Each structure stands twice: as structure tokens, then as C-alpha cells.
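The file input-v6.txt contains compact mmCIF, C-alpha atoms:
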```txt
# COMPACT_ATOMS: atom_id res chain seq x y z
CA MET A 1 109.30 57.03 87.12
CA THR A 2 109.06 59.96 89.53
CA THR A 3 107.16 63.18 89.27
CA SER A 4 107.72 66.32 91.28
CA VAL A 5 105.29 68.65 93.01
CA GLU A 6 106.18 72.28 93.54
CA PRO A 7 106.98 73.11 97.18
CA ALA A 8 104.94 75.79 98.92
CA VAL A 9 106.46 78.65 100.89
CA HIS A 10 105.04 81.77 102.44
CA ILE A 11 106.14 85.04 100.87
CA TYR A 12 107.39 86.19 104.29
CA THR A 13 109.71 83.22 104.57
CA LEU A 14 111.10 83.49 101.06
CA SER A 15 111.53 87.26 101.31
CA HIS A 16 113.70 86.78 104.40
CA LEU A 17 115.81 84.20 102.56
CA VAL A 18 116.43 86.32 99.46
CA ASN A 19 119.36 88.15 101.03
CA ALA A 20 120.55 85.32 103.29
CA ARG A 21 123.61 83.17 102.65
CA VAL A 22 122.40 80.02 100.89
CA GLY A 23 124.42 77.74 103.14
CA SER A 24 122.50 78.97 106.20
CA TRP A 25 119.03 78.43 104.77
CA GLU A 26 118.03 75.28 106.64
CA ARG A 27 118.89 76.85 109.99
CA LYS A 28 117.34 80.20 109.08
CA ILE A 29 114.06 78.75 107.78
CA LYS A 30 113.13 77.48 111.24
CA GLU A 31 114.01 80.85 112.79
CA ILE A 32 112.10 82.77 110.10
CA GLU A 33 108.98 80.59 110.42
CA GLU A 34 108.96 81.00 114.19
CA GLY A 35 109.38 84.76 113.76
CA ARG A 36 106.58 84.85 111.18
CA ARG A 37 104.14 83.13 113.52
CA ARG A 38 105.04 85.44 116.41
CA ALA A 39 104.83 88.59 114.31
CA TYR A 40 101.59 87.55 112.63
CA GLY A 41 99.94 86.74 115.94
CA TYR A 42 101.18 89.89 117.67
CA TYR A 43 99.55 92.30 115.21
CA GLN A 44 96.61 90.13 114.15
CA PRO A 45 94.15 92.09 116.36
CA MET A 46 95.10 95.32 114.56
CA ARG A 47 94.69 93.81 111.09
CA GLU A 48 91.30 92.34 111.98
CA ALA A 49 90.22 95.68 113.44
CA ILE A 50 91.33 97.70 110.41
CA VAL A 51 89.47 95.41 108.00
CA ALA A 52 86.35 95.59 110.20
CA TYR A 53 86.67 99.40 110.46
CA CYS A 54 86.98 99.79 106.68
CA ALA A 55 84.09 97.39 106.05
CA ALA A 56 81.96 99.51 108.41
CA SER A 57 82.96 102.71 106.55
CA GLY A 58 84.62 104.09 109.66
CA ASN A 59 81.62 103.44 111.89
CA ARG A 60 81.44 101.37 115.10
CA ARG A 61 84.94 102.53 116.04
CA GLU A 62 84.61 102.11 119.80
CA GLN A 63 83.22 98.59 119.47
CA ILE A 64 85.92 97.57 117.01
CA VAL A 65 88.75 99.05 119.09
CA SER A 66 87.40 97.48 122.28
CA ARG A 67 87.38 94.06 120.63
CA MET A 68 90.89 94.64 119.27
CA LEU A 69 92.29 95.52 122.69
CA SER A 70 90.58 92.54 124.30
CA ASP A 71 92.13 90.26 121.68
CA ALA A 72 95.55 91.92 122.00
CA ARG A 73 95.49 91.36 125.75
CA GLN A 74 95.55 87.61 125.13
CA ARG A 75 98.52 87.66 122.74
CA PRO A 76 101.81 86.05 123.83
CA HIS A 77 104.58 88.60 124.07
CA GLY A 78 108.14 89.03 125.24
CA ARG A 79 109.66 91.21 127.91
CA GLY A 80 109.18 94.88 127.18
CA GLN A 81 106.42 94.26 124.64
CA ASP A 82 102.93 95.69 125.08
CA PRO A 83 100.47 94.18 122.54
CA GLU A 84 97.60 96.48 123.58
CA LYS A 85 99.66 99.65 123.21
CA ASP A 86 101.33 98.55 119.96
CA ASN A 87 98.13 97.36 118.26
CA LEU A 88 96.32 100.55 119.26
CA ALA A 89 99.19 102.75 118.02
CA ALA A 90 99.22 100.99 114.64
CA PHE A 91 95.42 101.24 114.36
CA GLU A 92 95.42 104.96 115.18
CA THR A 93 98.18 105.62 112.65
CA PHE A 94 96.11 103.87 110.00
CA GLU A 95 93.02 105.80 111.02
CA THR A 96 94.62 109.23 110.80
CA ALA A 97 97.23 108.84 108.03
CA CYS A 98 96.09 105.98 105.79
CA TYR A 99 92.31 105.66 105.93
CA PRO A 100 91.70 109.08 104.30
CA LYS A 101 93.42 107.79 101.15
CA ILE A 102 90.84 105.00 100.74
CA GLY A 103 87.86 105.80 98.59
CA GLN A 104 85.90 102.55 98.96
CA PHE A 105 86.43 99.27 100.79
CA VAL A 106 86.01 96.26 98.47
CA ARG A 107 86.72 93.13 100.53
CA GLY A 108 88.86 91.67 103.28
CA LEU A 109 91.45 89.06 102.32
CA LEU A 110 92.64 87.89 105.74
CA ARG A 111 90.62 84.67 105.48
CA ARG A 112 91.86 83.79 102.02
CA PRO A 113 93.05 80.15 102.23
CA ASN A 114 96.62 79.01 101.63
CA GLY A 115 97.18 77.26 98.33
CA THR A 116 95.55 80.08 96.38
CA GLY A 117 98.69 82.13 95.92
CA ALA A 118 100.93 82.12 92.87
CA LEU A 119 103.24 79.78 91.00
CA PHE A 120 106.67 81.38 90.73
CA GLU A 121 109.91 79.85 89.47
CA GLY A 122 108.93 76.30 90.42
CA ILE A 123 107.38 77.04 93.82
CA ARG A 124 103.96 78.03 95.12
CA LEU A 125 103.91 81.31 97.00
CA ASN A 126 101.40 81.44 99.85
CA GLY A 127 100.23 84.63 101.50
CA GLY A 128 98.75 87.78 100.05
CA PRO A 129 97.42 91.28 100.71
CA HIS A 130 95.29 92.03 103.75
CA PHE A 131 92.40 93.71 101.97
CA GLN A 132 91.28 95.24 98.69
CA ALA A 133 90.03 98.79 98.35
CA LYS A 134 89.67 101.54 95.77
CA ASP A 135 91.62 104.74 96.12
CA ARG A 136 90.09 108.19 95.80
CA SER A 137 90.37 107.91 92.00
CA GLY A 138 88.52 104.58 91.91
CA VAL A 139 91.64 102.48 91.19
CA ASP A 140 91.84 99.04 92.81
CA ARG A 141 94.51 98.72 95.50
CA TYR A 142 95.71 95.60 97.29
CA ILE A 143 96.87 96.63 100.72
CA PHE A 144 99.65 95.34 102.93
CA LEU A 145 99.44 96.58 106.53
CA HIS A 146 102.95 96.73 107.95
CA ALA A 147 103.66 97.48 111.61
CA SER A 148 106.73 95.34 112.38
CA VAL A 149 110.39 96.34 112.05
CA TRP A 150 112.08 94.74 109.01
CA SER A 151 115.26 95.47 107.16
CA GLU A 152 114.85 97.54 104.00
CA GLU A 153 116.06 94.66 101.81
CA ASP A 154 113.64 92.15 103.37
CA LEU A 155 110.77 94.60 102.89
CA LYS A 156 111.66 95.18 99.23
CA ALA A 157 111.76 91.43 98.61
CA TYR A 158 108.43 90.92 100.40
CA LEU A 159 106.67 93.60 98.37
CA GLU A 160 108.09 92.20 95.14
CA LEU A 161 106.83 88.71 95.99
CA LEU A 162 103.49 90.14 97.08
CA SER A 163 103.20 91.80 93.68
CA VAL A 164 103.76 88.38 92.06
CA VAL A 165 100.77 87.01 93.99
CA VAL A 166 98.62 90.04 93.11
CA GLU A 167 99.52 89.69 89.42
CA GLU A 168 98.62 86.00 89.22
CA ALA A 169 95.81 85.64 91.74
CA PHE A 170 94.01 88.93 91.04
CA GLY A 171 95.22 89.85 87.56
CA GLU A 172 96.40 93.27 88.67
CA ALA A 173 99.61 95.19 87.96
CA PRO A 174 102.38 95.35 90.59
CA GLU A 175 101.62 99.05 91.08
CA SER A 176 98.24 98.12 92.54
CA VAL A 177 100.03 96.97 95.71
CA TRP A 178 99.87 99.58 98.45
CA HIS A 179 102.34 99.38 101.33
CA MET A 180 100.90 101.03 104.42
CA ASP A 181 103.70 101.72 106.92
CA LEU A 182 101.88 101.90 110.24
CA ARG A 183 104.93 103.19 112.08
CA ALA A 184 105.66 106.17 109.86
CA GLY A 185 102.08 106.69 108.64
CA LEU A 186 103.10 106.47 104.99
CA VAL A 187 101.29 104.93 102.02
CA ALA A 188 103.47 103.91 99.08
CA LYS A 189 102.62 102.37 95.72
CA HIS A 190 104.87 99.42 94.91
CA ARG A 191 107.49 100.07 92.26
CA ARG A 192 109.09 97.10 90.58
CA SER A 193 112.85 96.67 90.69
CA LYS A 194 114.66 94.46 88.18
CA ARG A 195 117.39 93.78 90.72
CA VAL A 196 114.97 92.75 93.46
CA ARG A 197 112.90 90.61 91.05
CA ARG A 198 116.09 88.89 89.87
CA ASN A 199 117.14 88.18 93.45
CA CYS A 200 113.67 86.84 94.28
CA SER A 201 113.71 84.62 91.20
CA ASP A 202 117.14 83.24 92.09
CA ALA A 203 116.00 82.49 95.64
CA ALA A 204 112.80 80.81 94.43
CA ARG A 205 114.68 78.61 91.96
CA HIS A 206 117.12 77.55 94.66
CA TYR A 207 114.25 76.82 97.06
CA ALA A 208 112.59 74.68 94.37
CA ARG A 209 115.82 72.71 93.76
CA VAL A 210 116.37 72.02 97.43
CA PHE A 211 112.85 71.40 98.68
CA THR A 212 110.90 69.87 95.77
CA PRO A 213 109.68 66.43 96.93
CA GLU A 214 109.81 63.50 94.55
CA LEU A 215 106.86 61.11 94.31
```
Would you mind writing the structure in this file as C-alpha cells?
Amino acid sequence: MTTSVEPAVHIYTLSHLVNARVGSWERKIKEIEEGRRRAYGYYQPMREAIVAYCAASGNRREQIVSRMLSDARQRPHGRGQDPEKDNLAAFETFETACYPKIGQFVRGLLRRPNGTGALFEGIRLNGGPHFQAKDRSGVDRYIFLHASVWSEEDLKAYLELLSVVVEEAFGEAPESVWHMDLRAGLVAKHRRSKRVRRNCSDAARHYARVFTPEL
């Protein structure tokens, strides 16, 4: 007799498969995972700095920025990329356009271990928000800091899957997810879409069928 264990996948990976042709998944997964690692590493100094800045209530800015730039200097990057400039630009956009909307920092979530995500349609979703804060009205918000360039459809799928994690892991409504666009300087509350949720569910079920190991 065999039993099955649900496969685990990062919400970034699944979100970038939602709108991909199913027949290309095996090839695309490797590309997506490599892209995820590069993108995560490239902007990690900025995320760490923003969490530290919020935890310090906006104090120690120069020290935090100095550490961020030192870390960014060590990041691998391609031709034409400038990790120091890009991390600083994203941080400054957060500082001027996003930070004023935060009422109180609650906790950072960057160190939250994998395996504590959410069960969804036969798979385990890994990944989650970057930190938790309260808005100016005292409402809990789970914040996703976004500085990379994604397609609109991939972003919608990512935010929908992130809301799944927030619902199960934190017991909060999807609307508690805040998307902070660090290119445009915009803060948006997540709004559920039946179409996007259906597409995410279909993708998750297919992933479970293809990648569930048998014991």
C-alpha cells in the first residue's frame, strides 16, 4: 500500500506557472526557480533594511542604509544592473511613499521558516509576507515589498496565493494583504478575484497530480 505526501512549492514558482502552458512546466520550473533565487538575492538588502527601519520606528536610518548598501555591493548581478542604486531607490520609495501609511510595526517575517505556509489544493505553499504592521486605523496588514518587474498576470496570481497563506497561517482575510509597489510608490489592498483564484486552484491541482511523491 502506498501513501502520498503533498509536494511543496513556493508561491513565486506556482504564480509564474498559473498562466504558463502546462506542457512547458518541467522546463519552466527550472527557469522560474533560478529567476526566483536571483531576484530574491538581488533585493534582499532592501527588504532587510526596510524591516529594520520599521522596527526602529524610522530611527537609525544612516546606519541601516549604510549596511544595506554594503550588502548590496556583494550581490551577484548581470550586465547593466546596479544593486546599490536599485536597492537604494526601492528603499527611498518605501520611505517617502509607503512608510507614512504604517501606523505601527508588529513583526518581521523574513526569517519565517519554510514548511509553515498553507495547504492548498493538495500542495503546500511556501513563502509569505515580508512583515506585519498596523495601518493608521490600527488594522493588521501583511506586507509584500515588490521591486522587481513582473507581468500583471503573474503579480495577480502571486498576490492571490499570498492571500491563501495569510488566511491559513495568520487567520486573516485576503484584504489584509498590502502590496507595496516600490517602483511606482503605490500601496494597494489585495482584492480577491474569482477568476484568478480559479486559475490558481487549477494550477495547484495539476502540480499536485504531477509532483506528488508516492511512498
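Between CA of Glu168 (chain A) and CA of Val18 (chain A) the interatomic distance comes to 20.5 Å.
Remark: residues at most 10 Å from position (97.4, 90.6, 120.2) in file coordinates are Arg38, Ala39, Tyr40, Gly41, Tyr42, Tyr43, Gln44, Pro45, Met46, Met68, Leu69, Ser70, Asp71, Ala72, Arg73, Gln74, Arg75, Pro76, His77, Asp82, Pro83, Glu84, Lys85, Asp86 and Asn87 of chain A, using only C-alpha atoms.
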Of A:Val9, A:Ser151, A:Leu182, A:Phe120, the one sitting nearest Thr96 (chain A) when using all atoms listed in the file is A:Leu182
TODO: Kindly extract all protein, DNA and RNA residues lying within 12 Å of the coordinates (86.3, 100.1, 101.1) given in the file, considering all atoms listed in the file, and supply them as a VMD selection string.
DONE: chain A and resid 50 to 58 99 to 108 131 to 136 138 to 143
With C-alpha atoms retained, could you export that selection as a JSON list (two decimals), in the coordinates of the input?
```json
[["chain", "number", "residue", "atom", "x", "y", "z"],
["A", 50, "ILE", "CA", 91.33, 97.70, 110.41],
["A", 51, "VAL", "CA", 89.47, 95.41, 108.00],
["A", 52, "ALA", "CA", 86.35, 95.59, 110.20],
["A", 53, "TYR", "CA", 86.67, 99.40, 110.46],
["A", 54, "CYS", "CA", 86.98, 99.79, 106.68],
["A", 55, "ALA", "CA", 84.09, 97.39, 106.05],
["A", 56, "ALA", "CA", 81.96, 99.51, 108.41],
["A", 57, "SER", "CA", 82.96, 102.71, 106.55],
["A", 58, "GLY", "CA", 84.62, 104.09, 109.66],
["A", 99, "TYR", "CA", 92.31, 105.66, 105.93],
["A", 100, "PRO", "CA", 91.70, 109.08, 104.30],
["A", 101, "LYS", "CA", 93.42, 107.79, 101.15],
["A", 102, "ILE", "CA", 90.84, 105.00, 100.74],
["A", 103, "GLY", "CA", 87.86, 105.80, 98.59],
["A", 104, "GLN", "CA", 85.90, 102.55, 98.96],
["A", 105, "PHE", "CA", 86.43, 99.27, 100.79],
["A", 106, "VAL", "CA", 86.01, 96.26, 98.47],
["A", 107, "ARG", "CA", 86.72, 93.13, 100.53],
["A", 108, "GLY", "CA", 88.86, 91.67, 103.28],
["A", 131, "PHE", "CA", 92.40, 93.71, 101.97],
["A", 132, "GLN", "CA", 91.28, 95.24, 98.69],
["A", 133, "ALA", "CA", 90.03, 98.79, 98.35],
["A", 134, "LYS", "CA", 89.67, 101.54, 95.77],
["A", 135, "ASP", "CA", 91.62, 104.74, 96.12],
["A", 136, "ARG", "CA", 90.09, 108.19, 95.80],
["A", 138, "GLY", "CA", 88.52, 104.58, 91.91],
["A", 139, "VAL", "CA", 91.64, 102.48, 91.19],
["A", 140, "ASP", "CA", 91.84, 99.04, 92.81],
["A", 141, "ARG", "CA", 94.51, 98.72, 95.50],
["A", 142, "TYR", "CA", 95.71, 95.60, 97.29],
["A", 143, "ILE", "CA", 96.87, 96.63, 100.72]]
```
Would you kindly return, as a PyMOL selection string, each protein, DNA or RNA residue with an atom no farther than 9 Å from any atom of His146 (chain A), considering all atoms listed in the file and excluding same-chain residues fewer than 3 positions away?
chain A and resi 90+149+179-183
Go ahead and write the residues just picked, C-alpha atoms, as a PDB file, keeping the file's coordinate frame.
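Resulting contents of part-v1.pdb:
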```pdb
ATOM      1  CA  ALA A  90      99.220 100.990 114.640  1.00  0.00           C
ATOM      2  CA  VAL A 149     110.390  96.340 112.050  1.00  0.00           C
ATOM      3  CA  HIS A 179     102.340  99.380 101.330  1.00  0.00           C
ATOM      4  CA  MET A 180     100.900 101.030 104.420  1.00  0.00           C
ATOM      5  CA  ASP A 181     103.700 101.720 106.920  1.00  0.00           C
ATOM      6  CA  LEU A 182     101.880 101.900 110.240  1.00  0.00           C
ATOM      7  CA  ARG A 183     104.930 103.190 112.080  1.00  0.00           C
TER       8      ARG A 183
END
```
If we count all atoms listed in the file and set the cut-off at 9 Å, which residues sit around Leu14 (chain A), ignoring sequence neighbours fewer than 6 positions away in its own chain? Please answer as a tab-separated table (two decimals) with C-alpha atoms, in the frame of the given file.
```tsv
chain	number	residue	atom	x	y	z
A	29	ILE	CA	114.06	78.75	107.78
A	125	LEU	CA	103.91	81.31	97.00
A	157	ALA	CA	111.76	91.43	98.61
A	158	TYR	CA	108.43	90.92	100.40
A	161	LEU	CA	106.83	88.71	95.99
A	200	CYS	CA	113.67	86.84	94.28
A	203	ALA	CA	116.00	82.49	95.64
A	204	ALA	CA	112.80	80.81	94.43
A	207	TYR	CA	114.25	76.82	97.06
```
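Among the candidate residues A:Ile11, A:Ser148, A:Gly35, A:Gly185, the one lying nearest to Glu92 (chain A) is A:Gly185, with distances computed using all atoms listed in the file.
The shortest atom-to-atom distance to Arg124 (chain A), with all atoms listed in the file taken into account, belongs to A:Val5 out of A:Glu175, A:Val5, A:Arg195, A:Leu88.
Across the model, the gap from CA of Glu62 (chain A) to CA of Ala49 (chain A) is 10.6 Å.
Considering the residues A:Phe144, A:Ser137, A:Ala89, A:Gly80 and counting only C-alpha atoms, Val187 (chain A) has its shortest atom-to-atom contact with A:Phe144.
CA of Ser163 (chain A) to CA of Ala184 (chain A) spans 21.8 Å [interatomic distance, one decimal].
Among the candidate residues A:Glu33, A:Glu26, A:Glu121, A:Glu153, the one lying nearest to Arg205 (chain A) is A:Glu121, with distances computed using only C-alpha atoms.
Between Gly122 (chain A) and the candidates A:Ser15, A:His10, A:Ala169, A:His206, the tightest atom-to-atom separation, counting all atoms listed in the file, involves A:His206.
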Would you mind listing what lies within 8 Å of Leu162 (chain A) as a list in words, with all atoms listed in the file counted and same-chain residues fewer than 6 positions away left out?
Ile11, Gly127, Gly128, Pro129 and Val177 of chain A
Pull C-alpha atoms from the residues just selected and write them as a PDB file, keeping the file's coordinate frame.
```
ATOM      1  CA  ILE A  11     106.140  85.040 100.870  1.00  0.00           C
ATOM      2  CA  GLY A 127     100.230  84.630 101.500  1.00  0.00           C
ATOM      3  CA  GLY A 128      98.750  87.780 100.050  1.00  0.00           C
ATOM      4  CA  PRO A 129      97.420  91.280 100.710  1.00  0.00           C
ATOM      5  CA  VAL A 177     100.030  96.970  95.710  1.00  0.00           C
TER       6      VAL A 177
END
```
